[in-house]
Structure formats: C-alpha cells, structure tokens
Amino acid sequence: MSPSPARRLLRRTGAVLAAAPLLAAPALLAGAPPAQADAPSVASAAATGTSTVDVAVNELSPSAPVGGDTLTLKGKVTNKGRQPVTDAHIGLRVGTSYSGRSAVDEAARNGSGGTPDGSEVPSKYAEKFAKLEPGVTQDFTLSVPVKALNLSADGVYQISAALMGQTAAAPYQQTLGIQRTFLPWQPDAAGSRTKTTVLWPLISETGLTAETGTNETQTAVFGNDDLAKEIAPGGRLQQMLALGSSLDVTWVIDPDLLASVDAMTEAYKVKGADGRLTSGRHQAVANEWLKDLQAAVRGQKVVTLPFADPDLASLAHNGTKVTGSLSHLKDATDAAVKAVDTILHVTPDASYAWPAEGAVDRDIVKVATSAGANKIIARSDSFGESENLSYTPSSARPIGGGTTAVVADARLSTAFQGDLTSAERSTLAVQEFLAQSLMLDRQTDRQRTALIAPQRTPTASQAQAMAKAVAVLQGGTWTQSQSLSATASAKPDPGATTRVPSTRAYPSKLRKQELPQAAFEQIQATQRQLENFKVVLTDESRVVTPFGRAVDREMSTSWRGRTAASDGFRTGVSEYLSGLTEQVSLIDKSEVKLSGRSATIPVSVQNNLWQDVDHLKLRLTSDNGTRLKIGDGASQDQEVTITSGHSQSVKFTTTAKATGPVWVYAQLLTEDNQPYGKQIAFQVDVTEVTPTVMLVIAGGVLLLVLAGFRMYTQRKRAAAEKTDEPDVDETDGTDGTDGTDSSDDTDGPQGDGEPAEKAEPEDDAASPARADVPQQPSDPMADTASESTAPSGTGERVDR
C-alpha cells in the first residue's frame, strides 16, 4: 500500500531537517558567524570562496630547513573578485605529514583552492592588509621560526600560505585564497642515505649543415644562428654549463654540440631565410664556452652519446626495415669518442645508450647494444615494477646478454618539465622534487641507488630550478652523490623487475614522434650517392667527413615533433651532395658531322671542385655499331683524370660503314662501372664520299693530265723550231707562262688550228665534290688517318 499524502509530506520535512546541520558545516569550518536573515545566497558564497584571492608563493627558503632555521615565504596576493577584501591577513598553515609518494602526487594536483586545511601558526607571524582592491596585487613576506611550526617526526609536511578576510557580500572572516606546497623535514642525517646520480645533459638541436662554403678552406655553414644565442651569456647552454659546474653531476654530452661550437671558433657562415650566406660573428663566445666546459669536465667522467644523438627508437621501429641503417649507429659512436677526446681532452664513456624519454622495449635494447653499448638508461614509468614491491628499487638491474638497464626515477626525472618561467611554478617544482626524494629515502631502511635523468634540452628556467633543487639535495641529510658508473655497477635490488617491455608496450605518444621509414630510405639514398662520389676524389675526407656527420644528424633525436624541419634538413643534404657531384660533368655537345670513313670525336669533361678527380672513365657508345664503330666496337672506355677547376677533352676514334645519322651516348663511370652523373646524347651525321663522285673527280684529273701533256709537247716543238731560226727573237711570249706568243691565242705553234689550252691547278676546296662537306674540328680532312686519341692537355681553368 502506498503512503498517504500527509505521510509523504512528513517524510520530506524530516529529510530537510536532517540535512540542515550538514549544510551548515562548511560555514562553521570556515569560521563563519551564525546564519543571519540577510546571509548571502549560495551563489554569492561560491563567488567568494577560496579562489577569490590568488596567492602565489614565489620563494621559500630554506627549501629543506633544519632546527634553528627561520622559514621565509615571499609572494604576492591578487584580488580576483569583484569586491574589495577588507580586514585581511595572510598566515602560514601547517598540515599533517604525508604517508607515501602517491600522497605527494595527489597533493600536488590540488595545490590551491578547495577546503581550507592545516593549522595556522600564531598570528604574530602573519601579515595584514587593510584593504585589497579588485585586480590589485600586493607583496607579502612571512618569516616563521621552524620551532614555531611544531614539526614532530621526520617526513614531508604540507604547508600553505592562506589569506583570510571578508567582503561586503560575506562580512565575516573566511579563507579567500590558499597556496599549498611541501616542506621536507629531516634535520638529522638519515640512517641509510639514498645514493643519487644526477645526469646533466649538454645537448642541442642540429644546427650545422653539410655545406662547407664556396672556398677551399671548407668554411662551416650553419642553418641558423640559434646555437650562438644558446652559448652566449644568459643563453640556455651557457646556463647549463655554469649551473652544472657547481654541482656534483655526471655530464652527458652530444659530440655534435662540441663539433658545432668548435666550428664556430673559426670563420663560419650562417644561412638566412632567403638562402644567402652571411659571416658569423660569435667566435669569441664559442671560444669562451668551450674553455669553460673544458675546465668543468677536467678530471671528471663524461658520458658521450653517439654523434648527433641518434633516435634509437626510430631506428629500432623503422630504420631496421631499411638495409644499412644500423651501420650509421656504429659510425656515430666511433666519431663521438674521437670528437670528445679531441675537443675536451678527456676520454669519454661510450658504453651508455639513452633512448628518448627513457622509453625502452626489446627492439630498442637490441639496436642500442648493436653499436657496443652495454648499459641502457631507461625510466621507471616505461620499465614498470612489480605490484608486490612496496618501495622504489635501486636503479641497476641486469636484463640479459651482459646488458644492464639503469632505470631513472620517473617522478624525480620529470619534476622540472613545463613552463617554469614564473617564480611560483619554479618554487613549487623544487619543493615537490625534494618531497619526492625524501619520501623515496624513507620508504625502507634498505640501502638503494637512484638515478635522475631529466629532459634532454631543459630551458634556462628549467635548468635554474633543477640546479637549485639538486644543490639542496646534495647539501641535505637524506642523499649522497654518486657517479653514473657507480650506480650502474651497484648490486641489483632482488625485488626489481628485470623484464624488458615488449614492443607493443611502447607509448603511442612517443611512437608518433618517430622518424618514418621513408626518412631512412632517403638517408640511405644519400649514403649510396656519397659512396659513389667519394671514389673519384683524390682527398675523400673533405667530403666523407662532413657528409658522414650530416647523415648522423639526419637521425637525431632532436627531430622528434619537428617533422617539417627534419624533412627539410634531409632534403638539403641530398640536394647539396647532388650539386657537388654535378661539379664533375660532361659538357653538352651539339650535332657532329663526319665526312670520310674514319675520324675522331672529342668529348669534354669539366671539374669545378676544389680538388682533383681520378678513378673515372668515359664511355662513348654508338646505338648502331654497324653504321658507326667507336674504337673496336659499339663502345669504348677511356680513363679520365682532371685537375681542380679545369676541363679536359677526351678523343675517340670512329669508323663509318654507311652514311646517315647515328645517336652517340657519353657517360662517365666509376672504376666499378657505376654510372656517375648524367649521360649526354648527341647525333653524328656521317657523309661518306660515293663512287660516282670519285669517278667524276678521276675523270677531271685525267683531262688535266692530258692537257698538260699536250702543252708540254707543243712547247717542245716550238723550242726546236726557234733553234733552227736564229734571227728570230727568242722570247717565251708576252705572258711568261706558257712560252707562246700572246697574239697566237687560237692556233698552236704548228698552226694546226687547235687552241692552246691554259691549265691552272684546281683547288680541292672548290671542287663540287667537296663543296657541301662541312669541315669539323674533329675531322679536318676526309678519308685521312685518325687524329691521336690521347687525352688533350689540361684545359683552361673554368670559372665557378
């Protein structure tokens, strides 16, 4: 049976009365007076809650106090509400200590606003504000003796700066703003300090190109001038170097950075957005930075990454699908050791591999160890731990095959990411880092090791916050510093997992940032082009070294998340190498006409490089070996050696069997018959002297001979007759050429009625049979012996 309407009304009234104390509880907790008739509505109360005033703690010192210290908090308060805040004061509150690292995580996510908590220290340590106008910011400073905080047992405590005041809408004292943070409390040395290793990375984005300028001294060319800004005073790398020099850290260096800065110490060029080169002007800055780094690492262990910090995950997941990609990793490792030793004058440790963000899987480990590394720097959020383990285990753990994974603590390693340009964010990050470190140490009495591997390229503000926290840690009472080699060789924790994650477990977010397979295919195409180019050079180091390092840079981890820049860099390297190879090329030929059955064809090769080339041969091929034979067959090869900046003409003997056009192809080849450069094609038009023309010419010659013979006999007769008539004037005639009388132009000396013919030598060039035969430089005369096919002398130097 359903209840009656009267009973239902009674039940509703009872429910409302029962809920009344619960509705009143928040007001009582906030110190509100008893409810009044004109009390604000629920909507108005929400508008004047603990987010009305923004409280920013910009400085907390000391970050980890001990007995006798005075804790000082400095910051700002800003009224975000619409009404003035009156009768306000800001004080320090102390909460309870945390029970574990997860509790610290949760508290960090709720650092401001929410329900007021903690106990306020005596009001004499508070700072008062008569009035806070809307939108107005005011500074505050709280100085409280540590003993006034009433801290009991060692541990991590919550402390907060809280502002209390009232508004016209809520005319009673209430918490209007609060900012919480952490206070590590370990005044005496811990029983078993955590042995902690801090990696200090000196890594930068790729800036040096494969280009070496347009002169013989191989001037370095940078894609931009960003590196100069980073190593200049106040720059990111200058800050990293200065801050790390005062800390007990393990330097992790990318040799590409060293090589780039070293190149800046001499004359260098910077490529603008329009492609034009300008002279770099930061030699002094580069020299100073290298000098400071050499001093900082003197006598210390330096860990080197492979040259240009190759992306191991990209290689493992995409590069191994392209033959030859893995060979670059070993070359990059060898180049790294040499670069660090040469520039810093220390012998680096190249036995470590550091995948991006410490994320590992089985394929990554396999690739990393293929180049000789036997220690992998991983991170705990990637490696994973057993759920049954109640504490954070030591870093080192064997993973099989003589390889050790040195696992960094994820919480400590990621503590300084994000925007830390504001003093508030930086201060909160430092306090959370210290809190996590102390909580790690307090988990167990077991002696353990911890590794801190921060992001590869911290910003200047991140580096400053990180350095401050590490300085407090190393001067504190619960940790002690240790080198990376000592941490890697420490006795493994028996409870730590040694199982490497599968490839499927690799984070999808990181996988999306990897270099695709197409990138490695392009890299290998460039490598093949380089291998083909270097064999013709007399000094291959001038090309192999800069391009070899450029290939390393194409695989750099710094390209993650920068797809367009990565594609542009690879294309630039490929195009520049193509431009160099084209400096040794064949000179185009126009149509060639050959008269006669044999002749020579010259083909010119030019070398615009800054060095001599050899080990090349030139092949000339006829597409119709029957009509036009080259040498002894359809093709012929001749060796080519050309000095720098010159051209050379190579001559080939040819034999024509028939007239007509024939296509001929010229191609440069390496010694192993690999094509070099572009092939050129030209047409040869063969015009042979025909038998009919030869008969006509022979007939003409015969007539000339007969006419000459007749003239000879006529002159002989005339001479005999003159001898018989002595009184006659013995002259040869008036023209002095044929010995006849100038008036006797119709009859011969005997008066036989036949004209005396005058014959002059006939010029071959005027012969009808030769009139249409073009005279070619390669074939000056028809049907003559071939010219010498020996290479011509060194040509003139060509302008480049």
# chains A, B, ... in the order shown; residues from 1 in each chain; ligands from 1
call {"tool": "closest_atom_pairs", "arguments": {"of": "stretch 139-168 of chain A", "to": "stretch 405-428 of chain A", "cutoff": "12 Å", "atoms": "only C-alpha atoms", "output": "Markdown table"}}
result
| residue | atom | partner | partner_atom | distance |
| --- | --- | --- | --- | --- |
| A:Gln158 | CA | A:Leu428 | CA | 12.0 |
| A:Ile159 | CA | A:Leu428 | CA | 11.5 |
| A:Ser160 | CA | A:Leu428 | CA | 11.2 |
call {"tool": "residues_around", "arguments": {"residues": "stretch 472-486 of chain A", "least_positions_apart": "3", "cutoff": "7 Å", "atoms": "only C-alpha atoms", "output": "short mmCIF file (atom, residue, chain, number, x, y, z; two decimals) with C-alpha atoms, in the first residue's frame"}}
result
data_model
loop_
_atom_site.label_atom_id
_atom_site.label_comp_id
_atom_site.auth_asym_id
_atom_site.auth_seq_id
_atom_site.Cartn_x
_atom_site.Cartn_y
_atom_site.Cartn_z
CA GLN A 186 64.91 15.73 8.02
CA ASP A 188 69.41 14.88 11.24
CA ALA A 189 71.22 12.58 8.84
CA ALA A 190 69.14 9.65 7.69
CA ARG A 193 71.06 7.77 2.64
CA THR A 194 69.98 7.15 -0.95
CA LYS A 195 72.95 7.19 -3.30
CA THR A 196 71.81 9.55 -6.01
CA THR A 197 73.16 10.17 -9.52
CA ASP A 248 78.21 17.00 -8.44
CA THR A 250 77.52 13.30 -14.50
CA LEU A 434 62.61 17.48 -2.63
CA LEU A 438 62.78 12.37 0.91
CA ASP A 441 64.52 7.57 1.08
CA LYS A 468 68.52 24.78 -7.14
CA ALA A 469 66.82 21.50 -6.20
CA SER A 489 77.65 -1.29 -11.26
CA ALA A 490 75.83 -1.39 -7.90
#
call {"tool": "select_by_dssp", "arguments": {"residues": "stretch 159-254 of chain A", "states": "alpha helix (DSSP H)", "output": "PyMOL selection string"}}
result
chain A and resi 226-231+236-245
call {"tool": "write_last_selection", "arguments": {"atoms": "C-alpha atoms", "output": "tab-separated table (two decimals), in the first residue's frame"}}
result
chain	number	residue	atom	x	y	z
A	226	ASP	CA	70.39	29.77	-32.69
A	227	LEU	CA	73.42	27.96	-31.24
A	228	ALA	CA	75.25	31.25	-30.79
A	229	LYS	CA	72.33	32.52	-28.72
A	230	GLU	CA	72.34	29.40	-26.57
A	231	ILE	CA	76.02	29.60	-25.64
A	236	ARG	CA	70.32	28.06	-22.27
A	237	LEU	CA	73.58	26.17	-22.77
A	238	GLN	CA	75.60	28.85	-21.02
A	239	GLN	CA	73.27	28.48	-18.03
A	240	MET	CA	73.51	24.68	-18.13
A	241	LEU	CA	77.29	24.87	-18.13
A	242	ALA	CA	77.54	27.48	-15.38
A	243	LEU	CA	75.00	25.74	-13.11
A	244	GLY	CA	76.36	22.24	-13.66
A	245	SER	CA	79.90	23.35	-12.88
call {"tool": "residues_around", "arguments": {"residues": "A:Val544", "least_positions_apart": "3", "cutoff": "12 Å", "atoms": "only C-alpha atoms", "output": "number ranges by chain"}}
result
A: 210-211, 526-541, 547-551, 577
call {"tool": "closest_atom_pairs", "arguments": {"of": "stretch 552-590 of chain A", "to": "stretch 313-336 of chain A", "cutoff": "12 Å", "atoms": "only C-alpha atoms", "output": "tab-separated table"}}
result
residue	atom	partner	partner_atom	distance
A:Asp552	CA	A:Ala332	CA	6.4
A:Arg553	CA	A:Ala332	CA	9.5
A:Glu554	CA	A:His328	CA	10.5
A:Met555	CA	A:Leu315	CA	8.1
A:Ser556	CA	A:Ser314	CA	9.5
A:Thr557	CA	A:Ser314	CA	8.6
A:Ser558	CA	A:Ser314	CA	11.8
A:Trp559	CA	A:Ser314	CA	10.6
A:Arg560	CA	A:Ser314	CA	9.6
call {"tool": "atom_distance", "arguments": {"atom1": "atom CA of A:Ala453", "atom2": "atom CA of A:Gly191"}}
result
25.3 Å
call {"tool": "residues_around", "arguments": {"residues": "A:Leu132", "least_positions_apart": "4", "cutoff": "7 Å", "atoms": "only C-alpha atoms", "output": "PDB file with C-alpha atoms, in the first residue's frame"}}
result
ATOM      1  CA  ASN A  79      42.224  40.067  -5.570  1.00  0.00           C
ATOM      2  CA  PRO A  84      37.261  44.748  -2.133  1.00  0.00           C
ATOM      3  CA  VAL A  85      38.654  42.412   0.536  1.00  0.00           C
ATOM      4  CA  THR A  86      38.902  44.084   3.956  1.00  0.00           C
ATOM      5  CA  VAL A 136      45.282  44.811  -7.309  1.00  0.00           C
TER       6      VAL A 136
END
call {"tool": "residues_around", "arguments": {"residues": "A:Ile587", "least_positions_apart": "3", "cutoff": "7 Å", "atoms": "only C-alpha atoms", "output": "PyMOL selection string"}}
result
chain A and resi 604-606
call {"tool": "closest_residue", "arguments": {"among": "A:Phe307, A:Phe709, A:Trp663, A:Tyr268", "to": "A:Asp256", "atoms": "only C-alpha atoms"}}
result
A:Phe307
call {"tool": "closest_atom_pairs", "arguments": {"of": "stretch 469-542 of chain A", "to": "stretch 354-369 of chain A", "cutoff": "9 Å", "atoms": "only C-alpha atoms", "output": "Markdown table"}}
result
| residue | atom | partner | partner_atom | distance |
| --- | --- | --- | --- | --- |
| A:Val500 | CA | A:Asp361 | CA | 5.9 |
| A:Pro501 | CA | A:Asp361 | CA | 4.9 |
| A:Ser502 | CA | A:Asp361 | CA | 5.3 |
| A:Thr503 | CA | A:Asp361 | CA | 5.1 |
| A:Arg504 | CA | A:Asp361 | CA | 8.3 |
| A:Ala505 | CA | A:Asp361 | CA | 7.4 |
| A:Tyr506 | CA | A:Asp361 | CA | 6.5 |
| A:Pro507 | CA | A:Ala359 | CA | 7.8 |
| A:Leu510 | CA | A:Ala356 | CA | 8.3 |
call {"tool": "atom_distance", "arguments": {"atom1": "atom CA of A:Pro516", "atom2": "atom CA of A:Asp567"}}
result
10.4 Å
call {"tool": "closest_residue", "arguments": {"among": "A:Thr96, A:Gln679, A:Ser192, A:Gln174", "to": "A:Gln443", "atoms": "only C-alpha atoms"}}
result
A:Ser192
call {"tool": "select_by_dssp", "arguments": {"residues": "stretch 90-338 of chain A", "states": "strand (DSSP E)", "output": "JSON, numbers by chain"}}
result
{"A": [90, 91, 92, 93, 94, 95, 96, 97, 119, 120, 127, 128, 129, 130, 131, 132, 137, 138, 139, 140, 141, 142, 143, 144, 145, 155, 156, 157, 158, 159, 160, 161, 162, 163, 164, 165, 166, 174, 175, 176, 177, 178, 179, 180, 181, 182, 183, 184, 185, 194, 195, 196, 197, 198, 199, 200, 201, 202, 220, 221, 222, 250, 251, 252, 253, 268, 269, 270, 271, 277, 278, 279, 302, 303, 304]}
call {"tool": "residues_around", "arguments": {"residues": "stretch 147-156 of chain A", "least_positions_apart": "4", "cutoff": "7 Å", "atoms": "only C-alpha atoms", "output": "short mmCIF file (atom, residue, chain, number, x, y, z; two decimals) with C-alpha atoms, in the first residue's frame"}}
result
data_model
loop_
_atom_site.label_atom_id
_atom_site.label_comp_id
_atom_site.auth_asym_id
_atom_site.auth_seq_id
_atom_site.Cartn_x
_atom_site.Cartn_y
_atom_site.Cartn_z
CA VAL A 94 50.97 23.55 8.70
CA SER A 97 52.80 14.71 7.09
CA TYR A 98 52.30 12.51 4.03
CA VAL A 121 50.83 29.38 13.21
CA PHE A 182 55.71 20.80 0.62
CA LEU A 183 58.24 21.10 3.39
CA PRO A 184 60.82 18.28 3.73
CA TRP A 185 61.81 17.82 7.37
CA GLN A 186 64.91 15.73 8.02
CA ALA A 435 59.48 15.97 -1.11
#
call {"tool": "residues_around", "arguments": {"residues": "A:Ala496", "least_positions_apart": "4", "cutoff": "10 Å", "atoms": "only C-alpha atoms", "output": "CSV table (one decimal) with C-alpha atoms, in the first residue's frame"}}
result
chain,number,residue,atom,x,y,z
A,384,GLY,CA,57.5,-0.9,-14.8
A,385,GLU,CA,57.8,-2.5,-11.4
A,386,SER,CA,56.2,-5.4,-9.6
A,389,LEU,CA,57.1,-4.2,-4.3
A,391,TYR,CA,59.3,0.7,-2.3
A,392,THR,CA,61.3,2.1,-5.2
A,393,PRO,CA,64.1,-0.3,-6.0
A,394,SER,CA,67.7,0.5,-6.9
A,395,SER,CA,68.4,1.7,-10.4
A,396,ALA,CA,70.6,-1.0,-11.9
A,397,ARG,CA,69.2,-4.3,-13.0
A,398,PRO,CA,70.5,-7.0,-15.4
A,492,PRO,CA,70.9,-5.1,-8.2
